[in-house]
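Q: Below is the file start27.txt, with compact mmCIF, C-alpha atoms and all ligand atoms.
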```txt
# COMPACT_ATOMS: atom_id res chain seq x y z
CA MET Y 1 30.41 -16.38 -0.09
CA ARG Y 2 29.22 -12.97 -0.56
CA ILE Y 3 26.95 -13.66 2.17
CA LEU Y 4 29.70 -14.69 4.22
CA THR Y 5 31.23 -11.38 3.84
CA GLY Y 6 27.97 -9.73 4.19
CA PHE Y 7 27.38 -11.45 7.37
CA LEU Y 8 30.70 -10.77 8.73
CA LEU Y 9 30.47 -7.21 7.77
CA SER Y 10 27.04 -7.08 9.10
CA LEU Y 11 28.19 -8.28 12.41
CA ILE Y 12 31.00 -5.87 12.45
CA LEU Y 13 29.03 -3.01 11.14
CA THR Y 14 26.21 -3.44 13.38
CA GLY Y 15 27.64 -2.11 16.54
CA GLY Y 16 28.87 1.13 15.16
CA ALA Y 17 25.99 1.75 12.92
CA ALA Y 18 23.43 0.82 15.45
CA ALA Y 19 25.12 3.02 18.00
CA ALA Y 20 25.00 5.82 15.49
CA ARG Y 21 21.26 5.39 15.39
CA ALA Y 22 19.39 7.48 17.86
CA GLY Y 23 20.13 6.28 21.33
CA TYR Y 24 20.71 2.63 20.51
CA ALA Y 25 23.45 0.98 22.53
CA PRO Y 26 24.75 -2.33 21.20
CA ASP Y 27 24.44 -5.10 23.71
CA PHE Y 28 28.04 -6.26 23.85
CA ASP Y 29 27.52 -8.63 26.71
CA SER Y 30 25.06 -10.75 24.87
CA GLY Y 31 26.96 -10.52 21.58
CA ILE Y 32 28.06 -13.66 19.83
CA ASP Y 33 31.71 -14.66 19.75
CA VAL Y 34 32.91 -13.26 16.45
CA ARG Y 35 34.64 -16.49 15.45
CA LEU Y 36 31.33 -18.27 15.70
CA ALA Y 37 29.70 -15.53 13.70
CA ILE Y 38 32.28 -15.99 10.99
CA GLU Y 39 31.57 -19.67 10.89
CA ALA Y 40 27.89 -18.89 10.55
CA ALA Y 41 28.65 -16.51 7.73
CA LEU Y 42 30.71 -19.15 5.98
CA ASP Y 43 27.93 -21.64 6.35
CA ALA Y 44 25.39 -19.24 5.03
CA ALA Y 45 27.54 -17.89 2.27
CA SER Y 46 28.77 -20.76 0.25
CA SER Y 47 26.73 -21.06 -2.88
CA ALA Y 48 29.17 -23.40 -4.59
CA GLY Y 49 29.60 -25.68 -1.63
CA GLY Y 50 26.40 -27.56 -2.20
CA LEU Y 51 23.68 -28.36 0.21
CA LEU Y 52 24.79 -29.01 3.72
CA PRO Y 53 23.05 -32.06 5.10
CA GLU Y 54 22.49 -30.19 8.32
CA PRO Y 55 23.88 -27.05 9.85
CA GLN Y 56 27.48 -28.03 10.29
CA GLY Y 57 30.86 -27.83 8.63
CA ARG Y 58 32.00 -25.19 6.24
CA PRO Y 59 33.69 -24.87 2.85
CA GLU Y 60 37.36 -23.92 2.72
CA ARG Y 61 37.62 -22.34 -0.72
CA VAL Y 62 38.18 -18.65 -1.15
CA GLN Y 63 35.35 -16.81 -2.79
CA THR Y 64 34.54 -13.23 -3.60
CA VAL Y 65 31.50 -11.28 -2.69
CA TRP Y 66 30.36 -7.72 -3.31
CA VAL Y 67 28.46 -5.97 -0.56
CA SER Y 68 26.71 -2.63 -0.89
CA MET Y 69 26.09 -0.62 2.23
CA GLU Y 70 25.43 2.89 3.34
CA LYS Y 71 28.58 4.96 3.80
CA SER Y 72 27.35 6.44 7.06
CA ASP Y 73 27.29 2.90 8.44
CA VAL Y 74 30.79 2.22 7.21
CA ALA Y 75 32.01 5.46 8.78
CA ALA Y 76 30.74 4.35 12.16
CA LEU Y 77 32.90 1.23 12.08
CA ASP Y 78 36.45 0.47 12.87
CA GLY Y 79 38.42 1.76 9.89
CA ALA Y 80 40.83 -1.15 10.16
CA LEU Y 81 38.12 -3.38 8.85
CA PHE Y 82 38.03 -1.43 5.61
CA LYS Y 83 41.67 -1.46 4.65
CA SER Y 84 40.94 -1.47 0.98
CA ALA Y 85 38.99 1.28 -0.69
CA PRO Y 86 35.50 0.58 -1.91
CA VAL Y 87 35.52 -0.72 -5.47
CA ALA Y 88 32.81 1.78 -6.32
CA GLN Y 89 30.70 4.36 -4.55
CA ASN Y 90 28.39 7.29 -4.88
CA LYS Y 91 27.48 9.89 -2.28
CA ARG Y 92 25.48 7.47 -0.18
CA ILE Y 93 26.41 3.89 -1.02
CA ALA Y 94 29.77 2.11 -1.11
CA ILE Y 95 30.57 -1.30 -2.58
CA TYR Y 96 33.27 -3.46 -1.03
CA GLU Y 97 34.77 -6.59 -2.43
CA TYR Y 98 35.54 -9.23 0.13
CA LYS Y 99 37.46 -12.42 -0.14
CA THR Y 100 36.67 -15.07 2.32
CA ASP Y 101 40.30 -15.56 3.22
CA ARG Y 102 40.32 -12.04 4.62
CA LEU Y 103 37.88 -13.06 7.22
CA SER Y 104 40.36 -14.21 9.78
CA GLU Y 105 42.11 -10.90 9.39
CA LEU Y 106 38.87 -9.14 9.98
CA ALA Y 107 38.17 -11.42 12.85
CA ASP Y 108 41.45 -10.62 14.47
CA GLY Y 109 40.48 -7.00 14.49
CA MET Y 110 37.17 -7.78 16.04
CA GLN Y 111 36.74 -8.85 19.61
CA ARG Y 112 33.03 -9.07 19.54
CA SER Y 113 30.08 -8.99 17.29
CA PHE Y 114 26.92 -7.08 17.60
CA PHE Y 115 23.25 -7.26 18.00
CA ARG Y 116 22.30 -6.79 14.37
CA ALA Y 117 23.58 -5.44 11.11
CA PRO Y 118 22.79 -2.05 9.67
CA GLY Y 119 21.60 -3.82 6.56
CA PHE Y 120 23.31 -4.56 3.30
CA PHE Y 121 22.78 -6.22 -0.04
CA ALA Y 122 25.01 -9.16 -0.89
CA HIS Y 123 25.75 -9.71 -4.57
CA ASP Y 124 27.19 -12.54 -6.66
CA THR Y 125 28.72 -10.16 -9.15
CA LEU Y 126 30.14 -6.66 -9.24
CA GLU Y 127 27.72 -5.82 -12.05
CA SER Y 128 24.78 -6.60 -9.83
CA ALA Y 129 26.27 -4.59 -6.94
CA LEU Y 130 26.84 -1.57 -9.19
CA GLU Y 131 23.10 -1.38 -9.79
CA ASP Y 132 22.75 -0.31 -6.15
CA LEU Y 133 24.58 2.93 -6.93
CA LYS Y 134 21.75 4.02 -9.22
CA ALA Y 135 18.89 6.02 -7.76
CA PRO Y 136 15.81 3.80 -7.51
CA PRO Y 137 13.20 4.57 -10.15
CA ALA Y 138 10.66 7.10 -8.83
CA VAL Y 139 7.46 5.58 -7.48
CA PRO Y 140 4.55 7.12 -9.42
CA ALA Y 141 2.14 9.14 -7.26
CA ARG Y 142 -1.23 7.49 -6.76
CA ALA Y 143 -4.43 7.96 -4.80
CA TYR Y 144 -5.28 5.68 -1.88
CA THR Y 145 -8.96 5.25 -1.05
CA LEU Y 146 -10.68 3.48 1.81
CA ASP Y 147 -14.12 2.18 0.87
CA GLN Y 148 -14.09 -1.56 1.66
CA ALA Y 149 -15.32 -1.36 5.24
CA ALA Y 150 -17.58 -4.43 5.09
CA LEU Y 151 -14.93 -6.62 3.49
CA VAL Y 152 -12.21 -5.47 5.88
CA LYS Y 153 -14.48 -6.10 8.85
CA ASP Y 154 -15.27 -9.57 7.59
CA LEU Y 155 -11.63 -10.49 6.93
CA ALA Y 156 -10.29 -8.98 10.16
CA GLY Y 157 -12.97 -10.79 12.14
CA ARG Y 158 -11.79 -14.13 10.77
CA VAL Y 159 -8.17 -13.74 11.92
CA LYS Y 160 -7.33 -16.23 14.67
CA GLU Y 161 -4.31 -16.79 16.84
CA GLU Y 162 -4.31 -20.56 16.65
CA PRO Y 163 -3.35 -20.93 12.95
CA VAL Y 164 -0.61 -18.33 13.44
CA LEU Y 165 0.74 -20.26 16.41
CA ALA Y 166 0.67 -23.48 14.41
CA VAL Y 167 2.87 -22.04 11.65
CA ILE Y 168 5.29 -20.44 14.11
CA ASN Y 169 5.59 -23.75 15.93
CA ALA Y 170 6.08 -25.75 12.74
CA LEU Y 171 8.72 -23.44 11.28
CA SER Y 172 10.64 -22.95 14.50
CA ALA Y 173 10.79 -26.73 14.95
CA TYR Y 174 13.29 -26.92 12.05
CA LYS Y 175 16.66 -26.80 13.69
CA ASN Y 176 17.94 -24.03 11.46
CA ARG Y 177 16.26 -22.50 8.37
CA GLY Y 178 19.50 -21.17 6.91
CA SER Y 179 19.23 -20.78 3.14
CA ARG Y 180 21.80 -23.46 2.32
CA TYR Y 181 20.95 -25.97 4.96
CA ALA Y 182 18.91 -29.06 4.24
CA THR Y 183 16.69 -28.02 7.12
CA GLY Y 184 16.23 -24.61 5.47
CA VAL Y 185 15.22 -26.31 2.25
CA ASP Y 186 12.88 -28.65 4.13
CA ALA Y 187 11.16 -25.73 5.84
CA SER Y 188 10.52 -24.08 2.47
CA LYS Y 189 9.13 -27.34 1.06
CA TRP Y 190 6.86 -27.71 4.08
CA LEU Y 191 5.47 -24.23 3.57
CA GLN Y 192 4.87 -24.93 -0.13
CA LYS Y 193 2.81 -27.98 0.83
CA GLU Y 194 0.82 -26.05 3.42
CA TRP Y 195 0.10 -23.24 1.01
CA ALA Y 196 -0.85 -25.64 -1.78
CA LYS Y 197 -3.86 -26.67 0.35
CA PHE Y 198 -5.34 -23.20 -0.16
CA ALA Y 199 -5.33 -23.77 -3.94
CA GLU Y 200 -7.57 -26.84 -3.75
CA GLY Y 201 -10.81 -26.11 -5.59
CA ARG Y 202 -9.62 -22.63 -6.45
CA PRO Y 203 -8.36 -22.45 -10.05
CA ASP Y 204 -7.50 -18.79 -9.48
CA ILE Y 205 -4.99 -19.73 -6.76
CA SER Y 206 -1.60 -21.27 -7.49
CA VAL Y 207 1.49 -22.03 -5.42
CA ALA Y 208 4.97 -22.23 -6.89
CA PRO Y 209 8.53 -22.17 -5.64
CA PHE Y 210 10.78 -19.36 -6.84
CA LYS Y 211 14.15 -21.01 -7.34
CA HIS Y 212 17.38 -19.12 -6.74
CA ALA Y 213 20.60 -19.81 -8.60
CA ALA Y 214 22.97 -19.10 -5.72
CA PHE Y 215 21.45 -21.07 -2.84
CA PRO Y 216 19.19 -24.10 -2.50
CA GLN Y 217 16.38 -22.69 -0.36
CA GLU Y 218 13.37 -21.75 -2.49
CA SER Y 219 11.14 -18.76 -1.94
CA VAL Y 220 7.44 -19.67 -1.81
CA VAL Y 221 4.88 -17.77 -3.89
CA LEU Y 222 1.10 -18.10 -3.58
CA THR Y 223 -0.79 -16.19 -6.28
CA VAL Y 224 -4.47 -15.25 -6.19
CA ARG Y 225 -5.12 -14.20 -9.78
CA GLY Y 226 -7.05 -10.96 -10.06
CA ALA Y 227 -10.57 -11.38 -11.46
CA SER Y 228 -10.59 -8.21 -13.57
CA GLU Y 229 -7.13 -6.62 -13.53
CA PRO Y 230 -4.73 -9.56 -13.16
CA GLY Y 231 -1.77 -7.57 -14.47
CA LYS Y 232 -1.76 -5.37 -11.38
CA VAL Y 233 -0.10 -7.01 -8.42
CA ILE Y 234 -0.04 -6.51 -4.65
CA VAL Y 235 2.70 -8.33 -2.71
CA ILE Y 236 2.56 -9.32 0.96
CA GLY Y 237 5.31 -11.40 2.55
CA GLY Y 238 8.16 -12.02 4.92
CA HIS Y 239 11.33 -14.07 5.02
CA ILE Y 240 11.32 -17.75 5.89
CA ASP Y 241 15.01 -18.27 6.65
CA SER Y 242 16.65 -17.97 10.06
CA VAL Y 243 20.13 -17.50 11.47
CA ALA Y 244 21.96 -17.88 14.78
CA GLY Y 245 25.52 -18.55 15.77
CA TYR Y 246 27.24 -21.24 13.76
CA GLY Y 247 27.37 -24.92 13.03
CA ASP Y 248 24.66 -26.87 14.70
CA THR Y 249 23.47 -23.93 16.75
CA PRO Y 250 19.68 -24.04 16.73
CA ALA Y 251 18.12 -21.07 14.94
CA PRO Y 252 14.38 -21.35 15.68
CA GLY Y 253 13.73 -17.83 14.40
CA ALA Y 254 10.25 -17.79 15.91
CA ASP Y 255 9.95 -14.02 15.92
CA ASP Y 256 12.56 -13.44 13.15
CA ASN Y 257 10.77 -14.47 11.09
CA ALA Y 258 8.44 -17.44 11.49
CA SER Y 259 6.04 -14.79 12.81
CA GLY Y 260 5.96 -12.82 9.54
CA ALA Y 261 5.61 -15.97 7.45
CA ALA Y 262 2.79 -17.17 9.73
CA VAL Y 263 0.95 -13.86 9.44
CA THR Y 264 1.33 -13.98 5.66
CA GLN Y 265 -0.29 -17.41 5.66
CA GLU Y 266 -3.06 -16.26 8.01
CA VAL Y 267 -4.05 -13.55 5.53
CA VAL Y 268 -4.31 -16.20 2.82
CA ARG Y 269 -6.36 -18.39 5.13
CA VAL Y 270 -8.93 -15.71 5.90
CA LEU Y 271 -9.17 -14.62 2.25
CA VAL Y 272 -9.87 -18.19 1.17
CA GLU Y 273 -12.27 -18.86 4.06
CA SER Y 274 -14.29 -15.76 3.15
CA GLY Y 275 -14.49 -16.67 -0.53
CA TYR Y 276 -13.24 -13.20 -1.50
CA ARG Y 277 -12.07 -12.79 -5.12
CA PRO Y 278 -9.79 -9.79 -5.60
CA ALA Y 279 -10.00 -7.67 -8.75
CA LYS Y 280 -6.21 -7.35 -8.87
CA THR Y 281 -3.67 -10.09 -8.31
CA LEU Y 282 -2.41 -10.82 -4.81
CA LYS Y 283 0.96 -12.49 -4.33
CA PHE Y 284 1.92 -13.86 -0.93
CA ILE Y 285 5.62 -14.62 -0.68
CA GLY Y 286 7.87 -16.38 1.80
CA PHE Y 287 11.30 -14.98 0.95
CA ALA Y 288 14.39 -17.20 1.07
CA ALA Y 289 17.83 -16.01 2.21
CA GLU Y 290 16.97 -12.64 3.74
CA GLU Y 291 19.51 -13.18 6.48
CA ALA Y 292 22.16 -13.75 3.84
CA GLY Y 293 21.84 -10.22 2.41
CA LEU Y 294 18.23 -9.92 1.20
CA ARG Y 295 19.05 -12.33 -1.59
CA GLY Y 296 15.70 -14.02 -2.15
CA SER Y 297 13.65 -10.84 -2.36
CA ALA Y 298 16.35 -9.13 -4.43
CA ASP Y 299 16.09 -11.93 -7.03
CA ILE Y 300 12.29 -11.78 -7.10
CA ALA Y 301 11.89 -8.00 -7.21
CA ALA Y 302 14.55 -7.75 -9.94
CA ALA Y 303 12.80 -10.49 -11.96
CA PHE Y 304 9.46 -8.71 -11.61
CA LYS Y 305 10.96 -5.45 -12.75
CA LYS Y 306 12.66 -7.13 -15.70
CA GLU Y 307 9.38 -8.74 -16.73
CA GLY Y 308 7.52 -5.45 -16.32
CA VAL Y 309 5.26 -6.72 -13.53
CA GLN Y 310 3.18 -3.84 -12.19
CA VAL Y 311 3.53 -4.11 -8.42
CA GLU Y 312 1.16 -1.53 -6.95
CA GLY Y 313 2.07 -2.16 -3.34
CA MET Y 314 4.36 -4.32 -1.20
CA LEU Y 315 4.04 -5.01 2.53
CA ASN Y 316 6.92 -6.65 4.37
CA LEU Y 317 6.25 -8.54 7.60
CA ASP Y 318 9.43 -9.30 9.53
CA MET Y 319 9.34 -9.66 13.35
CA VAL Y 320 5.73 -9.14 14.35
CA ASN Y 321 5.16 -11.13 17.53
CA TYR Y 322 7.24 -9.52 20.28
CA LYS Y 323 5.45 -6.61 21.93
CA GLY Y 324 8.36 -4.58 23.22
CA SER Y 325 6.82 -1.12 23.10
CA GLU Y 326 3.71 0.68 24.13
CA LYS Y 327 2.15 0.99 20.70
CA ASP Y 328 0.82 -1.87 18.62
CA ILE Y 329 2.39 -1.47 15.19
CA TYR Y 330 5.44 0.48 13.99
CA PHE Y 331 6.22 1.40 10.39
CA VAL Y 332 9.75 1.61 9.09
CA ALA Y 333 10.14 5.13 7.74
CA ASP Y 334 13.39 4.77 5.80
CA ASN Y 335 13.68 3.05 2.41
CA THR Y 336 9.90 2.73 2.24
CA SER Y 337 7.09 4.62 0.48
CA PRO Y 338 5.91 7.58 2.60
CA ASP Y 339 2.54 7.64 0.81
CA GLN Y 340 1.90 3.94 1.31
CA ASN Y 341 3.02 4.19 4.94
CA ALA Y 342 0.48 6.97 5.49
CA PHE Y 343 -2.17 4.79 3.86
CA LEU Y 344 -1.35 1.94 6.26
CA GLY Y 345 -1.68 4.33 9.20
CA LYS Y 346 -5.05 5.37 7.87
CA LEU Y 347 -6.14 1.74 7.53
CA ILE Y 348 -5.38 1.25 11.21
CA ASP Y 349 -7.14 4.46 12.30
CA THR Y 350 -10.19 3.75 10.17
CA TYR Y 351 -10.69 0.04 10.67
CA LEU Y 352 -8.62 -1.38 13.49
CA GLY Y 353 -8.18 1.21 16.21
CA TYR Y 354 -4.65 0.13 17.10
CA THR Y 355 -1.95 2.57 18.11
CA TRP Y 356 0.98 2.96 15.76
CA GLY Y 357 4.32 4.70 15.44
CA THR Y 358 7.42 4.75 13.25
CA LEU Y 359 11.06 3.69 13.42
CA LYS Y 360 14.13 3.60 11.22
CA CYS Y 361 15.96 0.35 10.55
CA GLY Y 362 18.78 1.33 8.19
CA TYR Y 363 19.86 0.54 4.66
CA GLY Y 364 18.56 -2.77 3.46
CA CYS Y 365 17.58 -4.12 6.87
CA SER Y 366 14.87 -6.36 5.43
CA ASP Y 367 13.05 -7.43 2.25
CA HIS Y 368 11.09 -4.21 1.68
CA ALA Y 369 14.40 -2.67 0.55
CA SER Y 370 14.57 -4.99 -2.47
CA TRP Y 371 11.22 -3.65 -3.68
CA THR Y 372 12.06 -0.03 -2.98
CA LYS Y 373 15.30 -0.50 -4.90
CA ASN Y 374 13.34 -1.62 -7.95
CA GLY Y 375 10.96 1.35 -7.90
CA TYR Y 376 7.99 -0.33 -6.22
CA PRO Y 377 6.07 1.24 -3.30
CA ALA Y 378 7.04 -0.84 -0.26
CA SER Y 379 6.30 -0.65 3.47
CA TYR Y 380 7.51 -2.58 6.50
CA ALA Y 381 5.28 -3.18 9.53
CA PHE Y 382 7.29 -3.99 12.66
CA GLU Y 383 6.67 -5.14 16.23
CA SER Y 384 8.15 -2.28 18.29
CA THR Y 385 10.45 0.71 18.34
CA PHE Y 386 13.99 -0.08 17.22
CA GLU Y 387 15.32 0.00 20.77
CA ALA Y 388 12.66 -2.34 22.15
CA HIS Y 389 12.59 -5.11 19.55
CA SER Y 390 13.02 -8.71 20.61
CA PRO Y 391 16.44 -9.16 22.23
CA PHE Y 392 16.37 -12.85 21.29
CA ILE Y 393 16.68 -12.59 17.51
CA HIS Y 394 19.56 -14.42 15.82
CA LYS Y 395 19.93 -16.58 18.91
CA PRO Y 396 18.78 -20.08 19.91
CA THR Y 397 16.41 -18.36 22.33
CA ASP Y 398 14.26 -16.80 19.58
CA THR Y 399 11.39 -19.08 20.48
CA LEU Y 400 7.63 -18.68 20.74
CA ALA Y 401 8.05 -18.76 24.53
CA SER Y 402 10.31 -15.70 24.27
CA CYS Y 403 7.38 -13.93 22.60
CA GLY Y 404 5.15 -14.82 25.54
CA GLY Y 405 3.79 -17.99 23.95
CA SER Y 406 0.88 -16.26 22.25
CA ALA Y 407 0.15 -14.72 18.85
CA VAL Y 408 -1.93 -11.79 20.08
CA HIS Y 409 0.58 -9.28 18.75
CA ALA Y 410 1.05 -11.06 15.40
CA ALA Y 411 -2.71 -11.24 14.86
CA LYS Y 412 -2.88 -7.43 14.68
CA PHE Y 413 -0.52 -7.53 11.73
CA ALA Y 414 -2.67 -10.16 10.02
CA ARG Y 415 -5.70 -7.86 10.32
CA LEU Y 416 -3.71 -4.93 8.96
CA ALA Y 417 -2.34 -6.98 6.06
CA ALA Y 418 -5.84 -8.23 5.23
CA ALA Y 419 -7.09 -4.61 5.15
CA PHE Y 420 -4.12 -3.70 2.94
CA ALA Y 421 -5.01 -6.51 0.53
CA ALA Y 422 -8.71 -5.62 0.47
CA GLU Y 423 -8.20 -1.91 -0.21
CA LEU Y 424 -5.39 -2.30 -2.77
CA ALA Y 425 -6.62 -5.29 -4.74
CA LYS Y 426 -10.09 -3.85 -5.38
N1 LIG Y 501 14.41 -8.89 11.03
C1 LIG Y 501 15.72 -8.38 10.88
C2 LIG Y 501 15.73 -6.86 10.70
C3 LIG Y 501 15.53 -6.04 11.95
C4 LIG Y 501 16.12 -6.39 13.15
C5 LIG Y 501 14.79 -4.87 11.87
C6 LIG Y 501 15.94 -5.59 14.27
C7 LIG Y 501 14.63 -4.06 12.97
C8 LIG Y 501 15.21 -4.44 14.18
C9 LIG Y 501 16.36 -9.00 9.65
O1 LIG Y 501 16.05 -10.34 9.48
C10 LIG Y 501 17.86 -8.89 9.78
O2 LIG Y 501 18.45 -9.49 10.63
N2 LIG Y 501 18.44 -8.05 8.96
C11 LIG Y 501 19.85 -7.79 9.04
C12 LIG Y 501 20.41 -7.38 7.71
C13 LIG Y 501 20.35 -8.46 6.68
C14 LIG Y 501 20.79 -7.94 5.35
C15 LIG Y 501 21.18 -9.64 7.12
C16 LIG Y 501 20.00 -6.69 10.06
O3 LIG Y 501 19.38 -5.64 9.91
O4 LIG Y 501 20.72 -6.94 11.02
ZN ZN Y 502 14.18 -10.81 9.95
```
Show how you would write the structure in this file as structure tokens.
A:
Amino acid sequence: MRILTGFLLSLILTGGAAAARAGYAPDFDSGIDVRLAIEAALDAASSAGGLLPEPQGRPERVQTVWVSMEKSDVAALDGALFKSAPVAQNKRIAIYEYKTDRLSELADGMQRSFFRAPGFFAHDTLESALEDLKAPPAVPARAYTLDQAALVKDLAGRVKEEPVLAVINALSAYKNRGSRYATGVDASKWLQKEWAKFAEGRPDISVAPFKHAAFPQESVVLTVRGASEPGKVIVIGGHIDSVAGYGDTPAPGADDNASGAAVTQEVVRVLVESGYRPAKTLKFIGFAAEEAGLRGSADIAAAFKKEGVQVEGMLNLDMVNYKGSEKDIYFVADNTSPDQNAFLGKLIDTYLGYTWGTLKCGYGCSDHASWTKNGYPASYAFESTFEAHSPFIHKPTDTLASCGGSAVHAAKFARLAAAFAAELAK
């Protein structure tokens, strides 16, 4: 349910918060009817309602959810939507408790929904939400070196469009990859099977689902065990779920985010094809339930931190196949590691020759934020400036055709991610 709230809030919040961002005007005309958005949120939110056979119907019970969001985003919204005070807050973050039966009230106050949310974390419990008020642990300073030119050249040269297209097509063929839909579960299972093929004849490679208590969709984790320093881990991944409208609305999510999942797989494919054995451990992850409040990645990053896993770098790939701006690759500058972002820029300048820029996407807009929150250096490589990103996301029209039918743009991100892996896992 929390998601439900999260979603709702997200929809509500989005307009104001996005408008507050430099020069971004919410596209009201192409907004979704808010009642439909609420239905979508209900669908996505119910953790106790069991697996929906397909994207339809919704639970009726009242549930509670705790959502953490940035106060500047809240301030940009209609105050009527925040009748009750936050249950907790610090200078930057506020936590709101929502009950699902308040949704109609919220809906009444809302005539429209917006293009996207400003980002939020959805929590099962207040205890978990309260953790978001703590400052993230400091990321230890480290040196970044670039000395794997031959390896990077080899890996980058192996990247192909066709395998990326195949994954985008396969994932976007599921009607809706929502984290509690049967079709969302099926899509995760399909990816697990695909990734398991890379482990054949490679005892150092394993594929396992990461199961989540609150929703049925599993995250997918492919591990390449490091040959000499297996305790040090580099994470590359993107979310596998999708969202659009409500009920049986198709949510192909080709750009958001079959593209990021496909690029993640393409990096694995070229690593395996080349026979490369990293010194440190590489983990490639397809995150479940990002659209429901970053819930899959939040579970995984928190588990890693609890277990003391040393994550030396995390790269998030979310929306990488719509070329809306002049430059090739854009790095999210907020809630990411400035040092690692600079390193990624240097990888491009040194090895790939693409043009790159930066953007801001707001508090918790995607899975990198879960890693940042847990004190790990995380970056987010994105397709365009904020203003020029795909206008089709979260709609039935987020198809490969809407991205021009090719994977030329996505392939650049696969080359960058391969360079990131090669230079960090050495
Ligand atoms: N891929 C988007 C994030 C995004 C959209 C970044 C547009 C930059 C521009 C992501 O899947 C998403 O929709 N995130 C939500 C928040 C999330 C917690 C539901 C968002 O930012 O609207
Ligand atoms: Zn996304």
Q: Given a cut-off of 9 Å, what residues near ligand LIG 501 (chain Y) show up using all atoms listed in the file, put as a PyMOL selection string?
A: chain Y and resi 3+6-7+10-11+14+115-122+239+241-243+255-257+289-295+317-319+332+359-367+382-391+393-394
Q: Could you write out as JSON the box around segment 152-167 of chain Y (axis-aligned, all atoms listed in the file, 6 Å on each side), with centre and edge lengths in Å to one decimal?
A:
```
{"center_x": -6.2, "center_y": -14.5, "center_z": 11.4, "size_x": 30.1, "size_y": 30.0, "size_z": 23.0}
```
Q: Report, in Å to a single decimal, how far apart atom CA of Val272 of chain Y and atom CA of Met314 of chain Y are.
A: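 According to the coordinates, atom CA of Met314 of chain Y and atom CA of Val272 of chain Y are separated by 20.0 Å.
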Q: Please measure the separation of atom CA of Val159 of chain Y and atom CA of Lys426 of chain Y, giving the value in Å to one decimal.
A: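 Atom CA of Lys426 of chain Y lies at a distance of 20.0 Å from atom CA of Val159 of chain Y.
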Q: Report, in Å to a single decimal, how far apart atom CA of Thr125 of chain Y and atom CA of Tyr98 of chain Y are.
A: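 Computing the Euclidean distance for atom CA of Tyr98 of chain Y and atom CA of Thr125 of chain Y yields 11.6 Å.
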Q: For ligand ZN 502 (chain Y), which residue among Y:Leu424, Y:Leu130, Y:Ile240, Y:Ala262 is the nearest when counting all atoms listed in the file?
A: Y:Ile240
Q: So which one's closest to Lys193 of chain Y, Y:Tyr144, Y:Val221, Y:Ala303, Y:Ser228? Using only C-alpha atoms, please.
A: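 Going through Y:Tyr144, Y:Val221, Y:Ala303, Y:Ser228 one by one, the smallest distance to Lys193 of chain Y is for Y:Val221.
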Q: List every protein, DNA or RNA residue with an atom no more than 6 Å from (10.4, 5.4, -0.9) in the file's coordinates, counting only C-alpha atoms, and format the result as a list in words.
A: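 Residues satisfying the cut-off, written out: Asn335, Thr336 and Ser337 of chain Y.
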Q: Pick from Y:Thr372, Y:Gln265, Y:Thr249, Y:Ser128: nearest to Ser297 of chain Y, with all atoms listed in the file counted?
A: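 The answer is Y:Thr372, which sits nearest to Ser297 of chain Y.
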Q: Name the closest residue to Lys306 of chain Y among the candidates Y:Arg269, Y:Asn374, Y:Thr183, Y:Tyr380; distances are taken between atoms, counting all atoms listed in the file.
A: Y:Asn374
Q: Rank nothing, just name the residue among Y:Arg202, Y:Arg142, Y:Lys280, Y:Arg177 nearest to ligand ZN 502 (chain Y), using all atoms listed in the file.
A: Y:Arg177
Q: Counting all atoms listed in the file, which residues sit no farther than 10 Å from the position (-3.8, -3.9, -1.9) in the file's frame? I'd like them as number ranges by chain.
A: Y: 144, 232-236, 278-282, 311-315, 417-426
Q: Between Y:Asn341, Y:Thr399, Y:Gly260, Y:Ala410, single out the one closest to ligand ZN 502 (chain Y), counting only C-alpha atoms and all ligand atoms.
A: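 Answer, going by the shortest atom-to-atom distance: Y:Gly260.
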Q: Taking 6 positions as the minimum chain separation for residues in the same chain, which residues sit within 10 Å of Asp339 of chain Y when counting only C-alpha atoms? Answer as a ChimeraX atom specification.
A: /Y:139,141-144,345,377-379
